[in-house]
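Pasted below: protein18.txt, compact mmCIF, C-alpha atoms.
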```txt
# COMPACT_ATOMS: atom_id res chain seq x y z
CA MET A 1 -73.79 -90.21 15.92
CA ALA A 2 -76.88 -91.81 14.47
CA SER A 3 -78.71 -88.48 14.27
CA GLU A 4 -76.13 -87.19 11.78
CA LYS A 5 -77.21 -89.75 9.20
CA PRO A 6 -79.86 -88.63 6.75
CA LEU A 7 -83.08 -90.47 7.48
CA ALA A 8 -84.25 -92.92 4.88
CA ALA A 9 -87.85 -91.68 5.04
CA VAL A 10 -89.07 -88.24 6.14
CA THR A 11 -92.54 -86.68 6.14
CA CYS A 12 -93.10 -82.94 6.60
CA THR A 13 -95.88 -80.41 6.22
CA ALA A 14 -95.63 -76.84 4.93
CA PRO A 15 -98.04 -73.90 4.91
CA VAL A 16 -99.70 -71.74 2.29
CA ASN A 17 -98.71 -68.06 2.35
CA ILE A 18 -100.69 -65.10 1.08
CA ALA A 19 -98.79 -62.05 -0.16
CA VAL A 20 -99.99 -58.69 1.13
CA ILE A 21 -97.32 -56.95 -0.97
CA LYS A 22 -97.37 -58.92 -4.22
CA TYR A 23 -94.61 -60.62 -6.16
CA TRP A 24 -95.25 -60.39 -9.90
CA GLY A 25 -92.45 -60.59 -12.42
CA LYS A 26 -89.00 -62.15 -12.58
CA ARG A 27 -85.74 -60.46 -13.49
CA ASP A 28 -84.16 -63.90 -14.03
CA GLU A 29 -86.38 -66.76 -15.19
CA GLU A 30 -83.78 -69.48 -14.70
CA LEU A 31 -82.87 -68.57 -11.10
CA VAL A 32 -86.40 -67.32 -10.30
CA LEU A 33 -85.32 -63.88 -9.10
CA PRO A 34 -88.08 -61.29 -8.62
CA ILE A 35 -88.25 -57.70 -9.92
CA ASN A 36 -89.45 -56.57 -6.47
CA SER A 37 -89.48 -57.65 -2.84
CA SER A 38 -92.72 -59.04 -1.40
CA LEU A 39 -94.27 -59.62 2.00
CA SER A 40 -96.66 -62.36 3.05
CA VAL A 41 -98.68 -63.88 5.86
CA THR A 42 -98.25 -67.60 6.57
CA LEU A 43 -101.59 -69.37 7.06
CA HIS A 44 -102.23 -72.05 9.68
CA GLN A 45 -101.61 -75.65 8.65
CA ASP A 46 -104.61 -76.91 10.58
CA GLN A 47 -106.64 -75.57 7.66
CA LEU A 48 -104.28 -75.45 4.66
CA LYS A 49 -101.13 -77.46 4.15
CA THR A 50 -99.10 -79.66 1.87
CA THR A 51 -97.80 -82.95 3.28
CA THR A 52 -94.77 -84.53 1.60
CA THR A 53 -92.92 -87.80 2.14
CA ALA A 54 -89.47 -88.39 0.64
CA ILE A 55 -87.61 -91.72 0.73
CA ILE A 56 -84.12 -92.41 -0.57
CA SER A 57 -83.02 -95.97 -1.17
CA LYS A 58 -80.22 -97.82 -2.96
CA ASP A 59 -82.94 -100.03 -4.44
CA PHE A 60 -84.68 -97.24 -6.38
CA THR A 61 -83.74 -97.11 -10.04
CA GLU A 62 -85.07 -93.61 -10.78
CA ASP A 63 -86.45 -90.48 -9.10
CA ARG A 64 -90.26 -90.58 -8.98
CA ILE A 65 -92.97 -88.22 -7.73
CA TRP A 66 -96.69 -88.52 -6.96
CA LEU A 67 -98.93 -85.47 -6.45
CA ASN A 68 -102.33 -86.02 -4.87
CA GLY A 69 -102.12 -89.71 -5.73
CA ARG A 70 -101.15 -89.32 -9.41
CA GLU A 71 -97.65 -89.97 -10.68
CA GLU A 72 -96.23 -86.85 -12.37
CA ASP A 73 -93.33 -86.25 -14.72
CA VAL A 74 -90.20 -86.06 -12.58
CA GLY A 75 -88.33 -84.48 -15.52
CA GLN A 76 -90.27 -81.23 -15.07
CA PRO A 77 -87.58 -78.47 -15.09
CA ARG A 78 -88.56 -76.84 -11.78
CA LEU A 79 -88.61 -80.15 -9.97
CA GLN A 80 -85.24 -81.02 -11.44
CA ALA A 81 -83.86 -77.64 -10.33
CA CYS A 82 -84.96 -78.35 -6.73
CA LEU A 83 -83.44 -81.84 -6.73
CA ARG A 84 -80.21 -80.53 -8.25
CA GLU A 85 -79.94 -77.70 -5.70
CA ILE A 86 -80.54 -79.91 -2.67
CA ARG A 87 -78.09 -82.59 -3.85
CA CYS A 88 -75.54 -79.87 -4.55
CA LEU A 89 -75.96 -78.49 -0.98
CA ALA A 90 -75.69 -82.01 0.44
CA GLN A 91 -72.49 -82.56 -1.53
CA LYS A 92 -71.04 -79.27 -0.26
CA ARG A 93 -71.87 -80.23 3.30
CA ARG A 94 -70.14 -83.59 2.86
CA ASN A 95 -67.05 -81.98 1.35
CA SER A 96 -66.77 -79.54 4.23
CA ARG A 97 -66.86 -82.31 6.85
CA ASP A 98 -63.59 -84.15 6.49
CA GLY A 99 -63.25 -87.39 8.32
CA ASP A 100 -66.98 -88.08 8.14
CA PRO A 101 -67.67 -91.53 6.77
CA LEU A 102 -69.09 -90.71 3.36
CA PRO A 103 -72.54 -92.26 3.03
CA SER A 104 -73.31 -93.21 -0.55
CA SER A 105 -76.88 -91.95 -0.14
CA LEU A 106 -76.16 -88.92 -2.35
CA SER A 107 -76.23 -91.16 -5.38
CA PHE A 108 -79.47 -92.83 -4.27
CA LYS A 109 -82.68 -92.07 -6.14
CA VAL A 110 -85.58 -90.46 -4.31
CA HIS A 111 -89.31 -91.17 -4.29
CA VAL A 112 -91.57 -88.29 -3.29
CA ALA A 113 -95.30 -88.18 -2.58
CA SER A 114 -97.17 -84.98 -1.86
CA VAL A 115 -100.81 -84.19 -1.03
CA ASN A 116 -102.63 -80.88 -0.52
CA ASN A 117 -105.68 -80.64 1.72
CA PHE A 118 -107.14 -77.93 -0.59
CA PRO A 119 -107.76 -77.51 -4.38
CA THR A 120 -104.41 -77.48 -6.18
CA ALA A 121 -104.49 -74.87 -8.95
CA ALA A 122 -107.33 -72.65 -7.75
CA GLY A 123 -105.26 -69.61 -6.85
CA LEU A 124 -104.69 -70.84 -3.29
CA ALA A 125 -100.89 -70.71 -3.51
CA SER A 126 -100.58 -74.47 -3.75
CA SER A 127 -97.26 -74.38 -5.60
CA ALA A 128 -95.73 -72.26 -2.82
CA ALA A 129 -96.72 -74.75 -0.12
CA GLY A 130 -95.77 -77.66 -2.39
CA TYR A 131 -92.25 -76.53 -3.22
CA ALA A 132 -91.54 -75.29 0.32
CA CYS A 133 -92.57 -78.71 1.58
CA LEU A 134 -90.46 -80.46 -1.07
CA ALA A 135 -87.37 -78.37 -0.21
CA TYR A 136 -87.85 -78.85 3.53
CA THR A 137 -88.44 -82.62 3.25
CA LEU A 138 -85.55 -83.23 0.84
CA ALA A 139 -83.26 -81.20 3.12
CA ARG A 140 -84.13 -83.51 6.01
CA VAL A 141 -83.66 -86.66 3.96
CA TYR A 142 -80.28 -85.53 2.57
CA GLY A 143 -79.04 -83.98 5.83
CA VAL A 144 -78.88 -80.38 4.57
CA GLU A 145 -79.05 -77.67 7.25
CA SER A 146 -78.41 -74.44 5.31
CA ASP A 147 -80.94 -71.78 4.25
CA LEU A 148 -83.42 -73.33 1.82
CA SER A 149 -84.70 -70.12 0.18
CA GLU A 150 -82.82 -70.87 -3.02
CA VAL A 151 -84.00 -74.48 -3.27
CA ALA A 152 -87.67 -73.59 -2.70
CA ARG A 153 -87.46 -70.51 -4.94
CA ARG A 154 -86.24 -72.56 -7.88
CA GLY A 155 -89.49 -74.51 -7.69
CA SER A 156 -91.84 -71.57 -7.19
CA GLY A 157 -90.71 -68.06 -6.28
CA SER A 158 -93.19 -67.51 -3.46
CA ALA A 159 -92.34 -70.94 -1.99
CA CYS A 160 -89.37 -69.41 -0.16
CA ARG A 161 -91.88 -67.40 1.91
CA SER A 162 -93.58 -70.64 3.06
CA LEU A 163 -90.34 -71.74 4.77
CA TYR A 164 -91.24 -69.52 7.74
CA GLY A 165 -94.26 -68.95 9.92
CA GLY A 166 -95.81 -65.61 10.81
CA PHE A 167 -95.04 -62.64 8.57
CA VAL A 168 -92.33 -63.07 5.96
CA GLU A 169 -90.44 -60.84 3.54
CA TRP A 170 -88.82 -62.21 0.39
CA GLN A 171 -86.00 -59.76 -0.33
CA MET A 172 -85.51 -59.36 -4.07
CA GLY A 173 -81.73 -59.16 -3.63
CA GLU A 174 -79.31 -57.47 -6.00
CA GLN A 175 -76.70 -60.08 -6.87
CA ALA A 176 -76.86 -61.68 -10.30
CA ASP A 177 -76.45 -65.16 -8.79
CA GLY A 178 -79.44 -64.60 -6.48
CA LYS A 179 -77.58 -65.55 -3.29
CA ASP A 180 -79.10 -62.53 -1.52
CA SER A 181 -82.65 -63.20 -2.78
CA ILE A 182 -83.88 -64.86 0.39
CA ALA A 183 -86.86 -65.00 2.71
CA TRP A 184 -86.75 -63.91 6.35
CA GLN A 185 -89.30 -63.65 9.14
CA VAL A 186 -90.52 -60.13 9.90
CA ALA A 187 -92.56 -61.28 12.93
CA PRO A 188 -93.47 -64.72 14.34
CA GLU A 189 -96.96 -66.25 14.18
CA SER A 190 -97.55 -65.39 17.87
CA HIS A 191 -97.04 -61.65 17.17
CA TRP A 192 -100.64 -60.73 16.23
CA PRO A 193 -102.97 -63.29 17.83
CA GLU A 194 -106.20 -61.42 16.99
CA LEU A 195 -105.59 -61.48 13.23
CA ARG A 196 -107.91 -63.79 11.31
CA VAL A 197 -107.99 -64.88 7.68
CA LEU A 198 -111.03 -65.94 5.65
CA ILE A 199 -110.62 -67.54 2.25
CA LEU A 200 -113.71 -67.03 0.11
CA VAL A 201 -113.60 -69.79 -2.47
CA VAL A 202 -115.32 -68.50 -5.57
CA SER A 203 -114.07 -71.11 -7.98
CA ALA A 204 -111.93 -74.21 -7.62
CA GLU A 205 -111.33 -74.37 -11.38
CA LYS A 206 -107.85 -74.26 -12.88
CA LYS A 207 -107.07 -70.71 -13.99
CA LEU A 208 -106.90 -69.67 -17.66
CA THR A 209 -103.48 -68.00 -17.46
CA GLY A 210 -100.93 -69.63 -15.15
CA SER A 211 -98.75 -67.38 -13.00
CA THR A 212 -95.50 -68.14 -14.81
CA VAL A 213 -96.90 -67.27 -18.25
CA GLY A 214 -98.79 -64.25 -16.89
CA MET A 215 -95.70 -62.83 -15.19
CA ARG A 216 -93.56 -63.19 -18.27
CA ALA A 217 -96.15 -61.35 -20.38
CA SER A 218 -96.42 -58.55 -17.79
CA VAL A 219 -92.64 -58.09 -17.59
CA GLU A 220 -92.44 -57.89 -21.38
CA THR A 221 -95.38 -55.57 -22.02
CA SER A 222 -96.51 -53.62 -18.93
CA PRO A 223 -94.90 -50.21 -18.29
CA LEU A 224 -97.02 -50.00 -15.14
CA LEU A 225 -95.33 -53.14 -13.75
CA ARG A 226 -91.87 -51.61 -14.10
CA PHE A 227 -93.05 -48.39 -12.41
CA ARG A 228 -94.62 -50.45 -9.62
CA ALA A 229 -91.43 -52.44 -8.99
CA ASP A 230 -89.11 -49.43 -9.04
CA SER A 231 -91.19 -46.63 -7.55
CA VAL A 232 -93.99 -48.10 -5.45
CA VAL A 233 -93.08 -51.42 -3.87
CA PRO A 234 -89.94 -50.51 -1.87
CA ALA A 235 -91.79 -47.96 0.29
CA ARG A 236 -94.80 -50.27 0.57
CA VAL A 237 -92.71 -53.17 1.89
CA ALA A 238 -91.23 -50.90 4.58
CA GLU A 239 -94.66 -49.48 5.47
CA MET A 240 -96.25 -52.97 5.60
CA ALA A 241 -93.49 -54.18 7.95
CA ARG A 242 -94.25 -51.20 10.20
CA CYS A 243 -98.01 -51.96 10.18
CA ILE A 244 -97.28 -55.53 11.21
CA ARG A 245 -94.75 -54.60 13.91
CA GLU A 246 -97.20 -52.07 15.40
CA ARG A 247 -100.25 -54.25 14.79
CA ASP A 248 -101.88 -51.27 13.05
CA PHE A 249 -104.84 -53.02 11.45
CA PRO A 250 -106.49 -50.13 9.55
CA SER A 251 -103.20 -49.20 7.83
CA PHE A 252 -102.34 -52.87 7.22
CA ALA A 253 -105.79 -53.42 5.70
CA GLN A 254 -105.76 -50.39 3.41
CA LEU A 255 -102.27 -51.12 2.11
CA THR A 256 -103.17 -54.78 1.53
CA MET A 257 -106.17 -53.78 -0.61
CA LYS A 258 -104.28 -51.10 -2.53
CA ASP A 259 -101.45 -53.47 -3.35
CA SER A 260 -103.83 -56.19 -4.50
CA ASN A 261 -105.61 -53.67 -6.73
CA GLN A 262 -102.34 -52.46 -8.20
CA PHE A 263 -101.18 -56.00 -8.93
CA HIS A 264 -104.42 -56.66 -10.83
CA ALA A 265 -104.03 -53.29 -12.62
CA THR A 266 -100.63 -54.46 -13.93
CA CYS A 267 -102.36 -57.61 -15.21
CA LEU A 268 -104.85 -55.45 -17.12
CA ASP A 269 -101.94 -53.30 -18.35
CA THR A 270 -100.31 -56.44 -19.78
CA PHE A 271 -100.86 -56.87 -23.51
CA PRO A 272 -102.98 -58.83 -24.32
CA PRO A 273 -104.61 -58.11 -20.94
CA ILE A 274 -104.90 -60.72 -18.19
CA SER A 275 -107.87 -60.81 -15.87
CA TYR A 276 -107.84 -63.07 -12.81
CA LEU A 277 -110.87 -61.53 -11.08
CA ASN A 278 -114.40 -62.50 -12.06
CA ALA A 279 -117.80 -60.92 -11.40
CA ILE A 280 -118.04 -62.51 -7.95
CA SER A 281 -114.56 -61.23 -7.04
CA TRP A 282 -115.76 -57.71 -7.83
CA ARG A 283 -118.90 -58.17 -5.74
CA ILE A 284 -116.69 -59.19 -2.80
CA ILE A 285 -114.58 -56.05 -3.30
CA HIS A 286 -117.73 -53.88 -3.18
CA LEU A 287 -119.02 -55.81 -0.15
CA VAL A 288 -115.79 -55.10 1.78
CA HIS A 289 -115.81 -51.38 0.96
CA ARG A 290 -119.49 -51.03 1.92
CA PHE A 291 -118.95 -52.98 5.14
CA ASN A 292 -116.05 -50.67 6.07
CA ALA A 293 -117.97 -47.53 5.08
CA HIS A 294 -120.91 -48.61 7.25
CA HIS A 295 -118.56 -48.90 10.24
CA GLY A 296 -116.68 -45.70 9.41
CA ASP A 297 -113.47 -47.67 9.87
CA THR A 298 -111.31 -50.15 7.92
CA LYS A 299 -112.32 -53.37 9.64
CA VAL A 300 -111.87 -55.81 6.77
CA ALA A 301 -109.39 -56.12 3.88
CA TYR A 302 -109.34 -58.22 0.71
CA THR A 303 -106.46 -59.44 -1.36
CA PHE A 304 -106.51 -61.57 -4.52
CA ASP A 305 -103.66 -63.58 -5.97
CA ALA A 306 -103.65 -64.84 -9.57
CA GLY A 307 -107.19 -66.18 -9.34
CA PRO A 308 -110.74 -65.14 -8.37
CA ASN A 309 -110.73 -66.37 -4.76
CA ALA A 310 -110.68 -63.64 -2.12
CA VAL A 311 -108.51 -63.72 0.97
CA ILE A 312 -109.99 -61.56 3.69
CA PHE A 313 -108.15 -60.19 6.73
CA ALA A 314 -110.02 -59.04 9.83
CA LEU A 315 -109.54 -58.98 13.60
CA ASP A 316 -111.31 -61.72 15.54
CA ASP A 317 -114.01 -59.36 16.87
CA THR A 318 -115.17 -58.54 13.29
CA VAL A 319 -115.18 -62.03 11.76
CA ALA A 320 -118.66 -63.17 12.83
CA GLU A 321 -120.41 -60.07 11.48
CA PHE A 322 -118.47 -60.18 8.21
CA VAL A 323 -119.31 -63.88 7.69
CA ALA A 324 -122.97 -62.97 8.24
CA ALA A 325 -122.61 -60.26 5.54
CA VAL A 326 -121.09 -62.82 3.14
CA ARG A 327 -123.90 -65.31 3.85
CA HIS A 328 -126.43 -62.56 3.19
CA SER A 329 -124.79 -61.43 -0.07
CA PHE A 330 -123.97 -64.93 -1.36
CA PRO A 331 -126.59 -67.25 0.14
CA PRO A 332 -125.11 -70.76 0.31
CA GLY A 333 -126.65 -73.43 -1.91
CA SER A 334 -127.44 -76.85 -0.49
CA ASN A 335 -124.21 -76.86 1.55
CA GLY A 336 -125.48 -74.42 4.20
CA ASP A 337 -124.04 -76.53 7.02
CA THR A 338 -120.59 -77.00 5.40
CA PHE A 339 -120.36 -73.47 3.99
CA LEU A 340 -117.92 -72.45 6.74
CA LYS A 341 -114.88 -74.67 7.20
CA GLY A 342 -111.90 -74.38 9.52
CA LEU A 343 -111.98 -72.30 12.69
CA GLN A 344 -115.32 -72.01 14.46
CA VAL A 345 -117.16 -68.73 13.93
CA ARG A 346 -120.19 -68.14 16.12
CA PRO A 347 -123.28 -67.16 14.12
CA ALA A 348 -124.02 -63.44 14.36
CA PRO A 349 -127.09 -61.45 13.33
CA LEU A 350 -126.88 -58.96 10.49
CA SER A 351 -128.33 -55.62 11.55
CA ALA A 352 -130.98 -54.04 9.31
CA GLU A 353 -128.70 -50.99 8.98
CA LEU A 354 -125.77 -53.03 7.69
CA GLN A 355 -128.05 -55.00 5.39
CA ALA A 356 -129.30 -51.72 3.92
CA ALA A 357 -125.73 -50.36 3.66
CA LEU A 358 -124.63 -53.42 1.65
CA ALA A 359 -127.33 -52.58 -0.91
CA MET A 360 -126.58 -55.69 -2.94
CA GLU A 361 -128.87 -58.10 -4.72
CA PRO A 362 -127.90 -61.48 -3.26
CA THR A 363 -126.01 -63.82 -5.62
CA PRO A 364 -126.89 -67.34 -4.47
CA GLY A 365 -123.96 -69.76 -4.59
CA GLY A 366 -121.50 -67.05 -5.67
CA VAL A 367 -119.14 -68.01 -2.86
CA LYS A 368 -118.83 -71.82 -2.75
CA TYR A 369 -117.48 -71.97 0.81
CA ILE A 370 -115.34 -70.09 3.34
CA ILE A 371 -112.20 -71.39 5.05
CA ALA A 372 -111.63 -69.60 8.37
CA THR A 373 -108.02 -69.67 9.50
CA GLN A 374 -105.29 -67.63 11.22
CA VAL A 375 -101.57 -66.90 11.09
CA GLY A 376 -99.53 -70.07 11.53
CA PRO A 377 -96.06 -71.61 11.88
CA GLY A 378 -93.57 -72.71 9.24
CA PRO A 379 -92.87 -76.27 8.05
CA GLN A 380 -93.12 -79.15 10.53
CA ILE A 381 -91.64 -82.65 10.65
CA LEU A 382 -94.13 -85.45 11.36
CA ASP A 383 -92.48 -88.07 13.54
CA ASP A 384 -95.25 -90.66 13.34
CA PRO A 385 -94.32 -93.31 10.72
CA CYS A 386 -98.05 -93.78 10.06
CA ALA A 387 -98.00 -90.29 8.52
CA HIS A 388 -95.72 -91.44 5.67
CA LEU A 389 -97.49 -91.24 2.30
CA LEU A 390 -95.16 -93.88 0.85
CA GLY A 391 -94.90 -97.46 2.08
CA PRO A 392 -91.65 -99.33 2.82
CA ASP A 393 -91.56 -100.30 -0.88
CA GLY A 394 -91.37 -96.60 -1.83
CA LEU A 395 -94.80 -96.62 -3.49
CA PRO A 396 -97.87 -94.63 -2.41
CA LYS A 397 -99.82 -96.31 0.35
CA PRO A 398 -103.29 -97.36 -0.79
CA ALA A 399 -105.88 -94.79 0.31
CA ALA A 400 -107.38 -95.89 3.61
```
The structure in this file should be written as structure tokens.
Amino acid sequence: MASEKPLAAVTCTAPVNIAVIKYWGKRDEELVLPINSSLSVTLHQDQLKTTTTAIISKDFTEDRIWLNGREEDVGQPRLQACLREIRCLAQKRRNSRDGDPLPSSLSFKVHVASVNNFPTAAGLASSAAGYACLAYTLARVYGVESDLSEVARRGSGSACRSLYGGFVEWQMGEQADGKDSIAWQVAPESHWPELRVLILVVSAEKKLTGSTVGMRASVETSPLLRFRADSVVPARVAEMARCIRERDFPSFAQLTMKDSNQFHATCLDTFPPISYLNAISWRIIHLVHRFNAHHGDTKVAYTFDAGPNAVIFALDDTVAEFVAAVRHSFPPGSNGDTFLKGLQVRPAPLSAELQAALAMEPTPGGVKYIIATQVGPGPQILDDPCAHLLGPDGLPKPAA
């Protein structure tokens, strides 16, 4: 059957995920095994995604990769680990299917091109989307159908969570070989249709301390991190899954904020200390707490990954008022009309009472822009050949 053959060229997209129970710290650097389980929300690809094309051909003389138009070093260890894993799985699949004509494509070299539609290293989980997309695309091109958690994880731990839509748990697993350290879907993207996500982009700069280096330092020096992994996270993962199943927003929101705060506390407890939040991040934290206090209810939650950008969760009926509060507290610069990207949010007035409750001196330009999005599906295959990022010669298509 023709469909059994690996395609020569495949293009896929994969989503960004935002952890609400954070992953920080590996127990095995080589296999990328975490010291605790984590739980995340997959964001919609209409707003944030990585697109990847992979082509295998007998004419290619070496593996090559282009990221956002620039050729990168294909010898990078994590990339090599992904390629090795996927080819190993493809080989296993071949071996288990006796009588299949053995295509020689396993020995072919691969060309890969990948683009993000958002800033790459700005703390927007670009490596998670990137490696999930790479794993998913390579699996299609090499005809692999097994669970891809391990392949994606070898590139970037949290990438295994981007292999699914909706709400996803990455189980830390217990085996030394990591075979049980896999991602699974807690609830599909359709489960909580009212949930909205706002990304407040504070800075699109590359961060001072990358996640890999930061994690290693925390594991080596932070007693708080060990306590968190052993004594706090297991109950939190179970509680977060309950909040999601029951669509209990106030509990979901409070736990999300507490876990973000504890993650950043372990960064400060690292020696020398690591700080990913900046002054604007802290102003956003205060804004959220004052907004909630004004309403006498937890209507909005923040979470921060390893960077200063805030990810805000709210139900759809709260979004417009909260965006108005952000505009008031961080008046947009000259980009007033493009300040809000993504999903449409109708303009809403800010009541005098809420304005007084915020009690903040405005910080013009503190938030560069907002991306409004929602919970979304897992990776997708693009069938349209026009979507390929590489031409028939295996080289990036010239930008249109």
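Atom pair atom CA of Arg97 of chain A / atom CA of Ala8 of chain A has a distance of 20.5 Å (rounded to one decimal).
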Show me, as AutoDock Vina command-line options, the centre and edge lengths in Å to one decimal of the axis-aligned box that covers every listed atom of segment 150-168 of chain A with 5 Å on each side.
```
--center_x -89.3 --center_y -68.6 --center_z 1.5 --size_x 23.0 --size_y 21.9 --size_z 28.7
```
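As for atom CA of Glu353 of chain A and atom CA of Ile199 of chain A, they are spaced 25.4 Å apart.
Interatomic distance, atom CA of Arg70 of chain A against atom CA of Ile18 of chain A: 26.4 Å.
If all atoms listed in the file are the atoms counted, then among A:Arg216, A:His388, A:His44, A:Arg94 the closest residue to Leu343 of chain A is A:His44.
For Ala357 of chain A, the residues within 8 Å (counting only C-alpha atoms, excluding itself and residues fewer than 5 positions away along the chain) are Arg290, Phe291 and His294 of chain A.
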Prev. selection, C-alpha atoms, output as an mmCIF file, in the frame of the given file:
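Written out: out29.cif:
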```
data_model
loop_
_atom_site.group_PDB
_atom_site.id
_atom_site.type_symbol
_atom_site.label_atom_id
_atom_site.label_comp_id
_atom_site.auth_asym_id
_atom_site.auth_seq_id
_atom_site.Cartn_x
_atom_site.Cartn_y
_atom_site.Cartn_z
ATOM 1 C CA ARG A 290 -119.490 -51.030 1.920
ATOM 2 C CA PHE A 291 -118.950 -52.980 5.140
ATOM 3 C CA HIS A 294 -120.910 -48.610 7.250
#
```
Pro347 of chain A surroundings by all atoms listed in the file, 10 Å radius, close-in-sequence under 5 positions cut, as a PyMOL selection string: chain A and resi 319-321+323-324
Keeping C-alpha atoms, export the residues of the selection given above as a compact mmCIF listing (two decimals), in the frame of the given file.
```
# COMPACT_ATOMS: atom_id res chain seq x y z
CA VAL A 319 -115.18 -62.03 11.76
CA ALA A 320 -118.66 -63.17 12.83
CA GLU A 321 -120.41 -60.07 11.48
CA VAL A 323 -119.31 -63.88 7.69
CA ALA A 324 -122.97 -62.97 8.24
```
Contacts of Ser107 of chain A at 10 Å (only C-alpha atoms; same-chain gap of 4+ positions) as a ChimeraX atom specification: /A:56-58,87,103
Radius query 7 Å about (-110.4, -65.6, 0.9), atoms used: all atoms listed in the file, as an MDAnalysis selection string: chainID A and resid 198:201 309:312
Writing out the chosen residues with C-alpha atoms as a PDB file, keeping the file's coordinate frame:
```
ATOM      1  CA  LEU A 198    -111.030 -65.940   5.650  1.00  0.00           C
ATOM      2  CA  ILE A 199    -110.620 -67.540   2.250  1.00  0.00           C
ATOM      3  CA  LEU A 200    -113.710 -67.030   0.110  1.00  0.00           C
ATOM      4  CA  VAL A 201    -113.600 -69.790  -2.470  1.00  0.00           C
ATOM      5  CA  ASN A 309    -110.730 -66.370  -4.760  1.00  0.00           C
ATOM      6  CA  ALA A 310    -110.680 -63.640  -2.120  1.00  0.00           C
ATOM      7  CA  VAL A 311    -108.510 -63.720   0.970  1.00  0.00           C
ATOM      8  CA  ILE A 312    -109.990 -61.560   3.690  1.00  0.00           C
TER       9      ILE A 312
END
```
Test item: residues at most 12 Å from Leu106 of chain A, only C-alpha atoms, excluding those fewer than 4 positions along its chain, as an MDAnalysis selection string: chainID A and resid 5:6 8 56:58 83:84 86:94 102 110 138:139 141:144
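Residues within 10 Å of Glu30 of chain A, counting only C-alpha atoms and excluding same-chain residues fewer than 4 positions away, are Lys26, Pro77, Arg78, Ala81 and Arg154 of chain A.
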Within-9 Å shell of (-98.3, -59.8, -0.6) in input frame, only C-alpha atoms, as a ChimeraX atom specification: /A:17-23,38-41,169,256,259-260,303,305
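Candidate residues A:Arg236, A:Val288, A:Ala187, A:Asp316 were compared for distance to Phe249 of chain A, and the nearest is A:Asp316, using all atoms listed in the file.
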Which residues of segment 35-113 of chain A have any atom within 12 Å of an atom in segment 366-378 of chain A when counting all atoms listed in the file, and what is the closest pair of atoms for each, with the distance in Å to one decimal? Order the rows by chain and rising number and write it as a tab-separated table.
```
residue	atom	partner	partner_atom	distance
A:Ser40	CA	A:Val375	CA	10.5
A:Val41	CA	A:Val375	CA	6.7
A:Thr42	CA	A:Val375	CA	5.7
A:Leu43	CA	A:Val375	CA	4.7
A:His44	CA	A:Gly376	CA	3.8
A:Gln45	CA	A:Gly376	CA	6.6
A:Asp46	CA	A:Thr373	CA	8.1
A:Gln47	CA	A:Thr373	CA	6.3
A:Leu48	CA	A:Thr373	CA	8.4
A:Lys49	CA	A:Gly378	CA	10.3
A:Thr50	CA	A:Gly378	CA	11.5
```
For Val345 of chain A, the nearest of the candidates A:Val197, A:Ala399, A:Asn36, A:Gly365, counting only C-alpha atoms: A:Val197
Where atoms are absent from segment 333-340 of chain A, fill them in so it carries N, CA, C and O atoms, then output it as a compact mmCIF listing (two decimals), in the coordinates of the input.
```txt
# COMPACT_ATOMS: atom_id res chain seq x y z
N GLY A 333 -125.72 -72.51 -1.27
CA GLY A 333 -126.65 -73.43 -1.91
C GLY A 333 -127.06 -74.50 -0.91
O GLY A 333 -127.36 -74.20 0.24
N SER A 334 -126.99 -75.75 -1.34
CA SER A 334 -127.44 -76.85 -0.49
C SER A 334 -126.44 -77.16 0.62
O SER A 334 -126.71 -77.95 1.49
N ASN A 335 -125.25 -76.52 0.57
CA ASN A 335 -124.21 -76.86 1.55
C ASN A 335 -124.22 -75.91 2.75
O ASN A 335 -123.17 -75.64 3.33
N GLY A 336 -125.39 -75.40 3.12
CA GLY A 336 -125.48 -74.42 4.20
C GLY A 336 -124.69 -74.81 5.44
O GLY A 336 -124.05 -73.96 6.07
N ASP A 337 -124.70 -76.10 5.77
CA ASP A 337 -124.04 -76.53 7.02
C ASP A 337 -122.53 -76.66 6.85
O ASP A 337 -121.79 -76.60 7.82
N THR A 338 -122.05 -76.86 5.60
CA THR A 338 -120.59 -77.00 5.40
C THR A 338 -120.01 -75.77 4.70
O THR A 338 -118.89 -75.79 4.21
N PHE A 339 -120.78 -74.70 4.67
CA PHE A 339 -120.36 -73.47 3.99
C PHE A 339 -119.11 -72.89 4.66
O PHE A 339 -118.24 -72.34 4.00
N LEU A 340 -119.06 -73.00 5.99
CA LEU A 340 -117.92 -72.45 6.74
C LEU A 340 -117.06 -73.59 7.25
O LEU A 340 -117.50 -74.43 8.02
```
